[in-house]
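*Asks:* Got a file for you: data.csv, CSV, C-alpha atoms.
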chain,number,residue,atom,x,y,z
A,21,MET,CA,168.1,-41.9,-36.6
A,22,SER,CA,171.2,-44.0,-37.4
A,23,VAL,CA,170.3,-47.4,-35.8
A,24,HIS,CA,166.7,-48.6,-35.5
A,25,TRP,CA,165.7,-50.0,-32.1
A,26,SER,CA,165.0,-53.3,-33.6
A,27,ARG,CA,168.7,-53.8,-34.2
A,28,GLY,CA,169.3,-53.0,-30.5
A,29,LEU,CA,166.7,-55.6,-29.5
A,30,TYR,CA,168.4,-58.2,-31.8
A,31,ASP,CA,171.8,-57.4,-30.2
A,32,LEU,CA,170.3,-57.9,-26.7
A,33,ILE,CA,168.8,-61.3,-27.8
A,34,LYS,CA,172.3,-62.3,-28.9
A,35,GLN,CA,174.0,-61.0,-25.8
A,36,GLN,CA,171.7,-62.9,-23.6
A,37,GLY,CA,172.5,-66.2,-25.4
A,38,ILE,CA,168.8,-66.7,-26.3
A,39,ARG,CA,168.3,-69.6,-28.8
A,40,GLN,CA,164.6,-69.8,-29.3
A,41,VAL,CA,162.5,-66.9,-30.7
A,42,SER,CA,158.8,-67.6,-30.8
A,43,LEU,CA,156.3,-65.3,-32.3
A,44,VAL,CA,152.9,-64.5,-33.7
A,45,PRO,CA,153.8,-61.7,-36.1
A,46,ASP,CA,153.0,-58.0,-35.6
A,47,ALA,CA,153.9,-55.2,-38.0
A,48,GLY,CA,155.7,-53.5,-35.1
A,49,HIS,CA,158.0,-56.5,-34.8
A,50,SER,CA,158.6,-57.0,-38.5
A,51,ALA,CA,162.1,-55.5,-38.6
A,52,LEU,CA,163.2,-57.6,-35.6
A,53,ILE,CA,161.7,-60.7,-37.1
A,54,ARG,CA,163.7,-60.2,-40.3
A,55,LEU,CA,166.9,-59.8,-38.3
A,56,CYS,CA,166.3,-62.9,-36.3
A,57,GLU,CA,165.3,-65.0,-39.4
A,58,ALA,CA,168.6,-64.1,-41.0
A,59,ASP,CA,170.5,-65.6,-38.1
A,60,PRO,CA,171.0,-69.4,-38.4
A,61,ASP,CA,171.9,-69.7,-34.7
A,62,LEU,CA,168.4,-68.6,-33.7
A,63,ARG,CA,165.5,-71.1,-33.9
A,64,MET,CA,162.4,-69.2,-35.0
A,65,VAL,CA,159.2,-70.9,-33.9
A,66,ARG,CA,156.1,-69.5,-35.6
A,67,LEU,CA,153.1,-70.1,-33.3
A,68,THR,CA,149.4,-70.3,-34.1
A,69,THR,CA,148.5,-68.6,-30.8
A,70,GLU,CA,150.6,-66.8,-28.3
A,71,GLU,CA,150.0,-69.2,-25.3
A,72,GLU,CA,152.0,-71.8,-27.2
A,73,GLY,CA,155.0,-69.5,-26.8
A,74,ILE,CA,154.6,-69.6,-23.0
A,75,ALA,CA,154.6,-73.4,-23.0
A,76,LEU,CA,157.4,-73.5,-25.5
A,77,ALA,CA,159.5,-71.4,-23.1
A,78,VAL,CA,158.9,-73.9,-20.3
A,79,GLY,CA,160.2,-76.7,-22.6
A,80,ALA,CA,163.1,-74.7,-23.8
A,81,TRP,CA,164.2,-74.0,-20.3
A,82,LEU,CA,163.8,-77.6,-19.2
A,83,GLY,CA,166.2,-78.4,-22.0
A,84,GLY,CA,168.7,-75.6,-21.1
A,85,GLU,CA,167.8,-72.9,-23.6
A,86,LYS,CA,166.5,-69.4,-23.1
A,87,SER,CA,163.6,-68.2,-25.3
A,88,VAL,CA,162.0,-64.8,-26.0
A,89,LEU,CA,158.4,-64.3,-27.1
A,90,LEU,CA,157.3,-61.6,-29.6
A,91,MET,CA,153.6,-60.7,-29.8
A,92,GLN,CA,151.1,-57.9,-30.2
A,93,SER,CA,149.2,-56.8,-27.2
A,94,SER,CA,146.0,-58.7,-28.2
A,95,GLY,CA,148.0,-61.9,-27.8
A,96,VAL,CA,148.5,-61.2,-24.1
A,97,GLY,CA,144.9,-62.1,-23.5
A,98,ASN,CA,145.4,-65.5,-25.1
A,99,CYS,CA,148.2,-66.3,-22.6
A,100,ILE,CA,146.5,-65.8,-19.3
A,101,ASN,CA,146.1,-69.3,-17.9
A,102,MET,CA,149.4,-70.5,-19.4
A,103,LEU,CA,151.3,-67.7,-17.7
A,104,SER,CA,150.6,-69.6,-14.4
A,105,MET,CA,153.4,-72.1,-15.3
A,106,LEU,CA,156.1,-69.5,-15.4
A,107,SER,CA,155.4,-68.3,-11.9
A,108,VAL,CA,154.8,-71.7,-10.4
A,109,CYS,CA,157.9,-73.3,-12.0
A,110,GLN,CA,160.1,-70.1,-11.9
A,111,VAL,CA,160.8,-70.2,-15.6
A,112,PRO,CA,162.5,-67.2,-17.1
A,113,LEU,CA,160.9,-65.6,-20.1
A,114,ALA,CA,161.1,-62.1,-21.7
A,115,ILE,CA,158.0,-61.1,-23.7
A,116,LEU,CA,158.3,-58.2,-26.1
A,117,VAL,CA,154.8,-56.8,-26.7
A,118,THR,CA,154.0,-54.2,-29.4
A,119,MET,CA,150.9,-52.3,-28.4
A,120,ARG,CA,147.6,-51.9,-30.1
A,121,GLY,CA,144.5,-50.2,-28.8
A,122,ASP,CA,146.8,-47.5,-27.6
A,123,TRP,CA,147.9,-44.1,-29.0
A,124,ALA,CA,145.9,-43.1,-32.1
A,125,GLU,CA,144.4,-46.6,-32.6
A,126,PHE,CA,141.9,-46.7,-35.6
A,127,ASN,CA,140.3,-50.1,-34.8
A,128,PRO,CA,137.8,-49.9,-31.9
A,129,TRP,CA,138.0,-53.7,-31.5
A,130,GLN,CA,141.6,-53.4,-30.4
A,131,VAL,CA,140.9,-51.0,-27.6
A,132,PRO,CA,139.6,-53.3,-24.8
A,133,MET,CA,142.6,-55.7,-24.8
A,134,GLY,CA,145.1,-52.8,-25.3
A,135,ARG,CA,143.7,-51.1,-22.2
A,136,ALA,CA,143.9,-54.4,-20.2
A,137,THR,CA,147.3,-55.6,-21.3
A,138,LYS,CA,149.5,-54.2,-18.5
A,139,ASN,CA,147.0,-55.2,-15.7
A,140,VAL,CA,146.5,-58.7,-17.1
A,141,LEU,CA,150.3,-59.3,-17.2
A,142,GLU,CA,150.8,-57.9,-13.7
A,143,GLU,CA,147.9,-59.9,-12.3
A,144,MET,CA,149.5,-63.1,-13.7
A,145,GLY,CA,152.9,-62.3,-12.0
A,146,VAL,CA,154.7,-60.8,-15.0
A,147,LEU,CA,157.0,-57.8,-14.3
A,148,VAL,CA,156.1,-55.0,-16.8
A,149,ASN,CA,158.1,-52.2,-18.3
A,150,ARG,CA,156.7,-49.8,-20.9
A,151,ALA,CA,158.5,-47.7,-23.5
A,152,ASP,CA,156.8,-44.6,-24.9
A,153,SER,CA,159.8,-43.1,-26.7
A,154,GLU,CA,162.2,-44.6,-29.2
A,155,GLU,CA,165.3,-43.9,-27.2
A,156,ASP,CA,163.8,-45.8,-24.2
A,157,VAL,CA,163.1,-49.1,-26.1
A,158,VAL,CA,166.6,-50.7,-26.0
A,159,PRO,CA,167.5,-49.7,-22.4
A,160,LEU,CA,164.2,-50.8,-21.0
A,161,ALA,CA,164.4,-54.1,-23.1
A,162,GLU,CA,167.9,-54.7,-21.6
A,163,GLY,CA,166.4,-54.3,-18.1
A,164,THR,CA,163.5,-56.6,-19.0
A,165,LEU,CA,165.7,-59.4,-20.4
A,166,ARG,CA,168.2,-59.2,-17.5
A,167,ILE,CA,165.6,-59.3,-14.7
A,168,ALA,CA,163.8,-62.2,-16.4
A,169,TYR,CA,166.8,-64.4,-16.9
A,170,ASN,CA,168.8,-63.4,-13.8
A,171,THR,CA,165.9,-63.7,-11.4
A,172,LEU,CA,164.0,-66.6,-13.1
A,173,ARG,CA,160.7,-65.0,-13.7
A,174,PRO,CA,158.6,-63.6,-16.6
A,175,ALA,CA,159.0,-60.0,-17.6
A,176,ALA,CA,157.5,-58.0,-20.4
A,177,LEU,CA,158.3,-54.9,-22.3
A,178,LEU,CA,155.3,-53.0,-23.8
A,179,ILE,CA,156.4,-50.9,-26.8
A,180,GLY,CA,153.9,-48.1,-27.1
A,181,GLN,CA,151.9,-47.6,-30.2
A,182,ARG,CA,153.1,-44.0,-30.5
A,183,ILE,CA,156.6,-45.4,-31.2
A,184,LEU,CA,155.4,-47.9,-33.7
A,185,GLY,CA,153.1,-45.4,-35.4
A,186,ALA,CA,155.6,-42.6,-35.6
A,187,LYS,CA,157.5,-44.0,-38.5
A,188,THR,CA,157.8,-47.1,-40.6
A,189,PHE,CA,161.2,-48.5,-40.8
A,190,GLU,CA,162.4,-51.0,-43.5
A,191,ASN,CA,165.7,-52.6,-42.6
B,19,MET,CA,135.4,-91.6,-39.2
B,20,SER,CA,138.1,-94.0,-38.0
B,21,GLY,CA,137.6,-92.9,-34.4
B,22,ASN,CA,134.4,-94.9,-34.3
B,23,GLN,CA,135.8,-98.1,-35.9
B,24,ILE,CA,137.5,-99.5,-32.8
B,25,PRO,CA,137.1,-102.7,-31.0
B,26,THR,CA,134.8,-102.8,-28.0
B,27,GLN,CA,137.6,-104.2,-25.9
B,28,ARG,CA,139.6,-101.2,-24.9
B,29,LEU,CA,143.2,-101.1,-23.8
B,30,HIS,CA,144.1,-100.3,-20.2
B,31,ARG,CA,145.9,-97.0,-19.9
B,32,ARG,CA,148.4,-98.1,-17.2
B,33,GLU,CA,149.3,-101.3,-19.0
B,34,VAL,CA,149.9,-99.2,-22.2
B,35,THR,CA,152.0,-96.6,-20.3
B,36,LYS,CA,154.1,-99.4,-18.7
B,37,VAL,CA,155.0,-100.7,-22.1
B,38,LEU,CA,155.7,-97.2,-23.5
B,39,LEU,CA,158.0,-96.3,-20.7
B,40,ALA,CA,159.8,-99.6,-20.5
B,41,ASP,CA,163.6,-99.5,-21.0
B,42,ARG,CA,163.2,-95.7,-21.5
B,43,GLY,CA,166.9,-95.0,-21.6
B,44,GLY,CA,167.4,-91.2,-22.0
B,45,LEU,CA,163.8,-90.5,-23.0
B,46,LEU,CA,162.6,-87.1,-21.8
B,47,VAL,CA,158.9,-87.2,-20.8
B,48,ILE,CA,156.3,-84.5,-20.5
B,49,ALA,CA,153.1,-85.8,-19.0
B,50,GLY,CA,149.9,-83.9,-19.5
B,51,LEU,CA,147.8,-82.8,-16.6
B,52,GLY,CA,145.3,-85.3,-15.1
B,53,ALA,CA,145.4,-89.0,-15.8
B,54,PRO,CA,148.5,-89.2,-18.0
B,55,ALA,CA,150.6,-87.6,-15.2
B,56,TRP,CA,149.2,-90.2,-12.8
B,57,ASP,CA,149.8,-93.0,-15.3
B,58,ALA,CA,153.5,-91.9,-15.9
B,59,THR,CA,154.0,-91.8,-12.1
B,60,ASP,CA,152.4,-95.2,-11.7
B,61,VAL,CA,155.3,-96.6,-13.7
B,62,GLY,CA,157.7,-94.8,-11.4
B,63,ASP,CA,158.4,-91.2,-10.5
B,64,HIS,CA,161.5,-90.2,-12.5
B,65,PRO,CA,163.6,-87.1,-12.6
B,66,LEU,CA,163.3,-86.9,-16.4
B,67,ASN,CA,159.5,-86.8,-16.1
B,68,PHE,CA,157.9,-83.4,-16.1
B,69,PRO,CA,154.3,-84.1,-15.0
B,70,LEU,CA,152.0,-81.1,-15.4
B,71,TRP,CA,149.5,-79.9,-12.8
B,72,GLY,CA,148.2,-77.1,-15.0
B,73,GLY,CA,148.8,-75.4,-18.3
B,74,MET,CA,146.1,-77.4,-20.0
B,75,GLY,CA,146.6,-77.4,-23.8
B,76,GLY,CA,150.3,-76.7,-23.4
B,77,ALA,CA,151.9,-80.2,-23.1
B,78,ALA,CA,152.7,-80.5,-26.8
B,79,ALA,CA,154.2,-77.1,-27.1
B,80,ILE,CA,156.4,-77.8,-24.0
B,81,GLY,CA,157.5,-80.9,-25.8
B,82,LEU,CA,158.4,-78.8,-28.8
B,83,GLY,CA,160.5,-76.4,-26.9
B,84,LEU,CA,162.3,-79.2,-25.2
B,85,ALA,CA,162.9,-81.2,-28.4
B,86,LEU,CA,164.3,-78.1,-30.1
B,87,ALA,CA,166.7,-77.5,-27.1
B,88,GLN,CA,167.8,-81.1,-27.0
B,89,PRO,CA,167.9,-82.3,-30.7
B,90,LYS,CA,170.0,-85.4,-29.8
B,91,ARG,CA,167.5,-86.7,-27.3
B,92,ARG,CA,164.1,-88.2,-27.8
B,93,VAL,CA,161.1,-86.4,-26.3
B,94,LEU,CA,157.8,-88.0,-25.5
B,95,VAL,CA,154.6,-86.0,-24.7
B,96,LEU,CA,152.2,-88.4,-23.0
B,97,THR,CA,148.9,-86.7,-22.7
B,98,GLY,CA,145.1,-87.0,-22.9
B,99,ASP,CA,142.4,-86.3,-25.5
B,100,GLY,CA,140.9,-83.4,-23.5
B,101,GLU,CA,144.3,-81.8,-23.0
B,102,ILE,CA,145.4,-82.0,-26.6
B,103,LEU,CA,142.1,-80.8,-27.9
B,104,MET,CA,142.5,-77.6,-25.9
B,105,GLY,CA,145.8,-77.0,-27.7
B,106,LEU,CA,145.0,-78.6,-31.1
B,107,SER,CA,146.6,-75.7,-33.0
B,108,SER,CA,150.0,-76.7,-31.5
B,109,LEU,CA,149.9,-79.6,-33.9
B,110,ALA,CA,150.1,-77.1,-36.7
B,111,THR,CA,153.0,-75.4,-35.0
B,112,ILE,CA,154.9,-78.7,-34.5
B,113,GLY,CA,154.1,-79.8,-38.1
B,114,ALA,CA,155.5,-76.6,-39.4
B,115,ALA,CA,158.6,-76.9,-37.2
B,116,ARG,CA,159.2,-80.5,-38.4
B,117,THR,CA,160.7,-81.6,-35.2
B,118,ALA,CA,162.2,-85.1,-35.8
B,119,ASN,CA,162.8,-86.1,-32.2
B,120,LEU,CA,159.3,-85.3,-30.8
B,121,SER,CA,156.6,-87.9,-30.2
B,122,ILE,CA,153.1,-87.2,-28.9
B,123,VAL,CA,151.1,-90.1,-27.5
B,124,VAL,CA,147.4,-89.4,-26.7
B,125,LEU,CA,145.8,-91.8,-24.2
B,126,ASP,CA,142.3,-91.3,-25.6
B,127,ASN,CA,139.5,-92.4,-23.2
B,128,GLU,CA,137.1,-90.0,-24.9
B,129,ARG,CA,136.4,-88.4,-21.6
B,130,TYR,CA,137.3,-85.5,-19.3
B,131,GLY,CA,138.3,-87.9,-16.6
B,132,GLU,CA,139.0,-85.4,-13.8
B,133,THR,CA,135.7,-83.6,-14.0
B,134,GLY,CA,133.1,-86.3,-14.1
B,135,MET,CA,133.9,-88.3,-17.2
B,136,GLN,CA,132.1,-86.0,-19.6
B,137,GLU,CA,132.6,-86.9,-23.3
B,138,THR,CA,135.3,-85.1,-25.4
B,139,HIS,CA,135.1,-84.6,-29.1
B,140,THR,CA,136.9,-87.9,-29.7
B,141,ALA,CA,133.8,-89.7,-28.5
B,142,ARG,CA,132.1,-88.2,-31.5
B,143,GLY,CA,134.7,-89.4,-34.0
B,144,VAL,CA,137.2,-86.6,-34.0
B,145,ASP,CA,140.4,-88.2,-35.3
B,146,LEU,CA,143.5,-86.7,-33.7
B,147,ALA,CA,145.9,-88.9,-35.7
B,148,ALA,CA,144.3,-87.7,-39.0
B,149,ALA,CA,144.6,-84.1,-37.8
B,150,ALA,CA,148.3,-84.6,-37.0
B,151,LYS,CA,148.9,-86.1,-40.4
B,152,ALA,CA,147.1,-83.2,-42.1
B,153,CYS,CA,149.4,-80.9,-40.0
B,154,GLY,CA,152.6,-82.6,-41.4
B,155,PHE,CA,153.4,-85.2,-38.8
B,156,LEU,CA,155.5,-87.9,-40.5
B,157,VAL,CA,154.3,-90.8,-38.4
B,158,THR,CA,150.7,-91.0,-37.2
B,159,SER,CA,148.6,-93.9,-36.0
B,160,MET,CA,145.4,-94.9,-34.3
B,161,VAL,CA,146.3,-97.7,-31.8
B,162,THR,CA,143.9,-100.3,-30.5
B,163,THR,CA,146.0,-103.4,-29.7
B,164,MET,CA,149.0,-104.1,-27.4
B,165,ASP,CA,151.0,-105.3,-30.4
B,166,GLN,CA,150.7,-101.9,-31.9
B,167,VAL,CA,151.7,-100.4,-28.5
B,168,ALA,CA,154.9,-102.4,-28.5
B,169,LYS,CA,155.7,-101.2,-32.0
B,170,LEU,CA,154.9,-97.6,-31.0
B,171,ARG,CA,157.4,-97.9,-28.1
B,172,ALA,CA,160.1,-98.7,-30.6
B,173,ASP,CA,159.1,-95.8,-32.9
B,174,ILE,CA,159.2,-93.3,-30.0
B,175,HIS,CA,162.9,-94.1,-29.7
B,176,THR,CA,163.9,-94.3,-33.3
B,177,ALA,CA,161.4,-93.1,-35.9
B,178,PRO,CA,162.0,-89.7,-37.6
B,179,GLY,CA,159.1,-87.6,-36.4
B,180,PRO,CA,157.1,-85.7,-35.5
B,181,LEU,CA,155.0,-88.6,-34.4
B,182,LEU,CA,151.5,-88.7,-33.0
B,183,ALA,CA,149.7,-91.8,-31.8
B,184,GLN,CA,146.1,-91.8,-30.6
B,185,ILE,CA,145.6,-94.9,-28.3
B,186,LYS,CA,142.0,-95.8,-27.6
B,187,VAL,CA,141.8,-96.7,-23.9
B,188,ALA,CA,139.0,-97.7,-21.5
B,189,PRO,CA,137.4,-94.9,-19.5
B,190,ASP,CA,138.6,-96.4,-16.2
B,191,LYS,CA,138.6,-94.4,-13.0
B,192,LEU,CA,141.8,-95.5,-11.4
B,193,PRO,CA,143.5,-94.7,-8.0
B,194,LEU,CA,145.5,-91.5,-8.2
B,195,VAL,CA,149.2,-91.9,-8.2
B,196,LEU,CA,150.5,-88.4,-7.6
B,197,PRO,CA,153.9,-87.0,-8.6
B,198,PRO,CA,155.5,-84.2,-6.6
B,199,ARG,CA,153.4,-81.0,-7.1
B,200,ASP,CA,156.0,-78.3,-6.6
B,201,GLY,CA,156.7,-77.0,-10.1
B,202,THR,CA,160.0,-75.5,-9.2
B,203,HIS,CA,161.2,-78.8,-7.7
B,204,LEU,CA,160.0,-80.7,-10.8
B,205,LYS,CA,161.8,-78.2,-13.1
B,206,ASN,CA,165.0,-78.2,-11.1
B,207,ARG,CA,165.3,-82.0,-10.8
B,208,PHE,CA,164.6,-82.4,-14.5
B,209,ARG,CA,167.2,-79.8,-15.5
B,210,GLU,CA,169.8,-81.3,-13.1
B,211,ALA,CA,169.2,-84.8,-14.4
B,212,LEU,CA,169.5,-83.6,-18.0
B,213,LEU,CA,172.2,-80.9,-17.7
B,214,GLY,CA,174.0,-81.8,-14.5
B,215,GLU,CA,175.0,-79.3,-11.8
B,216,ALA,CA,175.6,-76.7,-14.5
B,217,ALA,CA,171.9,-76.4,-14.7
B,218,HIS,CA,171.9,-74.3,-11.6
B,219,MET,CA,174.7,-72.0,-12.8
B,220,GLN,CA,173.1,-71.1,-16.2
B,221,ARG,CA,173.3,-67.5,-17.0
Any chance you could give the structure as C-alpha cells?

*Replies:*
Amino acid sequence: MSVHWSRGLYDLIKQQGIRQVSLVPDAGHSALIRLCEADPDLRMVRLTTEEEGIALAVGAWLGGEKSVLLMQSSGVGNCINMLSMLSVCQVPLAILVTMRGDWAEFNPWQVPMGRATKNVLEEMGVLVNRADSEEDVVPLAEGTLRIAYNTLRPAALLIGQRILGAKTFEN
Amino acid sequence: MSGNQIPTQRLHRREVTKVLLADRGGLLVIAGLGAPAWDATDVGDHPLNFPLWGGMGGAAAIGLGLALAQPKRRVLVLTGDGEILMGLSSLATIGAARTANLSIVVLDNERYGETGMQETHTARGVDLAAAAKACGFLVTSMVTTMDQVAKLRADIHTAPGPLLAQIKVAPDKLPLVLPPRDGTHLKNRFREALLGEAAHMQR
C-alpha cells in the first residue's frame, strides 16, 4: 500500500478547514496524531477524558472554528450526556473512533463498550458510518466530515479493529 | 484547608456577578448551568453570553474551545462549584493548553442549588483555586471580599491566564432569571454577534 489511510484523514482535515484537533490517544490513531502534531496550523488539544472534546467543539464553533475529535471506542461511553449539546445547539462535529472490543479483541473488559458503541452514538443523535476495510476508511471519512459540517450535526466514523489490527504502520 | 478559613459573612452572588460583568466590552461569557446562568442573565441578557441549560461539567472546556478560536478576545467561564467539580479534569486540560485569554470564575456556594441545596465537596474544604494552581493556572485566588471581586474584574480583562477564581458566596435561593432556552438560538445569536453575518455562511 503506497499511502496509509491516516494520510488521507489528515488531508481531509485540512480540506475541511478544521483548526482544532482534540484527542485522547489510541494506538490506531497514532499515525494521524503525528501528522497533525507536525502541522503548526492545527491546534492539538490533549484531553483527559473524551467528553471534554464534545464541549470543546461547542466552544470552537461559537468562536468560528471547526474541530474534529479522535478517540477509541471506550471513550464514546464517556461522552453520552455531553453529546446532548451537539444536537440541541446544532453544532457540527466529526468524531473519528478507532474500535476496540471488536474483531479479534484480546481484552474481555473492552468488549461491552465496543459492542455498544454504535448504538450509543445513534441513540444520542450522532450519524454513524463504519469502515471495515482499509480502502473504505478515507471515502467514508470524507462523507462523515462533509455531512457533519454541511448539515450542522455530529457524525462519527467507526474504524473497525480488523483494519487496525491487520498491520502496524509507522509513518 | 483554605476553603474553611473564610469569613462568616458571605458575598452575594448577584452583586458579585454585577461587578464582574460591568463594562464588559468585548468579553465573551460562558455561563454554567443553574444559578450562574441565572446570575449572568440577571445582569442582562446579552448576545455574547452563552448560558448553559445542560452539559454539566463542560463549561470550562467550552471556554477553552472558544478561547483557542478567538485568541484576541477575553473569555470568561462563570460557573458553579457543582458544575466545575463534575469536570474537574478539564482544569488539567486547560493548564496543559496554557490558554492565556481564558478565565474561570466559580461562584462557590458549597451547594447543589438546583436540587435541594445538598453540600458539594467544597463545603468540606476542597480548594478549587489550589487545584487550578496545581494544574498550571497562572492566576488563582480564593475570593471573599468585594474589593477582591473588583480586582478580579480587572484581571479577567487583562491578566495573562489561565485564571481561576473561587468566590465564596452565600447559599441564597434567589428568584430565577431565565435566559432563552433554545440552544440553537443562543448559538446563532452568539456567533452572529461575534463573527457577523458571515457566521451563517461558514463552510

*Asks:* Can you tell me which residues surround region 201-213 of chain B at a distance of at most 6 Å, considering only C-alpha atoms, apart from same-chain residues fewer than 6 positions away, and format the answer as a list in words?

*Replies:*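 Close residues of region 201-213 of chain B: Leu82, Val108 and Cys109 of chain A; Pro65 and Leu66 of chain B.
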
*Asks:* Find the spatial neighbours of Glu142 (chain A), counting only C-alpha atoms, within a cut-off of 10 Å - ignore same-chain residues fewer than 6 positions away - and output them as a list in words.

*Replies:*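 With the cut-off at 10 Å, the set is Val148, Ala175 and Ala176 of chain A.
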
*Asks:* Counting only C-alpha atoms, figure out which residue out of A:Leu184, A:Ala161, A:Val140, A:Leu177 gets nearest to His49 (chain A).

*Replies:*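 Between A:Leu184, A:Ala161, A:Val140, A:Leu177, the residue approaching His49 (chain A) most closely is A:Leu184.
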
*Asks:* Show me, as a list in words, the residues of chain B whose atoms get within 6 Å of chain A, using all atoms listed in the file for the distance check.

*Replies:* Gly73, Gly76, Ala79, Ile80, Gly81, Gly83, Leu84, Ala87, Gln88, Thr111, Gly201, Thr202 and Arg209 of chain B

*Asks:* Could you please take those selected residues and save C-alpha atoms as a PDB file, in the frame of the given file?

*Replies:*
ATOM      1  CA  GLY B  73     148.800 -75.400 -18.300  1.00  0.00           C
ATOM      2  CA  GLY B  76     150.300 -76.700 -23.400  1.00  0.00           C
ATOM      3  CA  ALA B  79     154.200 -77.100 -27.100  1.00  0.00           C
ATOM      4  CA  ILE B  80     156.400 -77.800 -24.000  1.00  0.00           C
ATOM      5  CA  GLY B  81     157.500 -80.900 -25.800  1.00  0.00           C
ATOM      6  CA  GLY B  83     160.500 -76.400 -26.900  1.00  0.00           C
ATOM      7  CA  LEU B  84     162.300 -79.200 -25.200  1.00  0.00           C
ATOM      8  CA  ALA B  87     166.700 -77.500 -27.100  1.00  0.00           C
ATOM      9  CA  GLN B  88     167.800 -81.100 -27.000  1.00  0.00           C
ATOM     10  CA  THR B 111     153.000 -75.400 -35.000  1.00  0.00           C
ATOM     11  CA  GLY B 201     156.700 -77.000 -10.100  1.00  0.00           C
ATOM     12  CA  THR B 202     160.000 -75.500  -9.200  1.00  0.00           C
ATOM     13  CA  ARG B 209     167.200 -79.800 -15.500  1.00  0.00           C
TER      14      ARG B 209
END

*Asks:* Using CA of Pro112 (chain A) and CA of Leu165 (chain A) as the two end points, give the distance in Å to one decimal.

*Replies:* 9.1 Å

*Asks:* Using all atoms listed in the file, which of A:Asn139, A:Trp25, A:Ala168, A:Pro45 sits nearest Leu90 (chain A)?

*Replies:*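 Distance minimum relative to Leu90 (chain A) lands on A:Pro45.
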
*Asks:* Counting all atoms listed in the file, which residue out of A:Met91, A:Pro60, A:Glu154, A:Ile38 sits closest to Val23 (chain A)?

*Replies:*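 Closest candidate: A:Glu154.
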
*Asks:* Return the single residue from B:Pro197, B:Gly43, B:Gly113, B:Pro69 that is closest to Thr158 (chain B), with distances computed using all atoms listed in the file.

*Replies:*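 Using all atoms listed in the file, Thr158 (chain B) sits closest to B:Gly113.
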
*Asks:* In terms of the shortest atom-to-atom distance over all atoms listed in the file, which of A:Ala136, A:Val158, A:Val88, A:Leu178 is closest to Ser26 (chain A)?

*Replies:*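 Residue with the minimum atom-to-atom distance to Ser26 (chain A): A:Val158.
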
*Asks:* Please provide the set of residues having any atom within 6 Å of region 159-173 of chain B, restricted to only C-alpha atoms, with same-chain residues fewer than 2 positions apart removed, written as number ranges by chain.

*Replies:* B: 38, 147, 175-177, 183-186
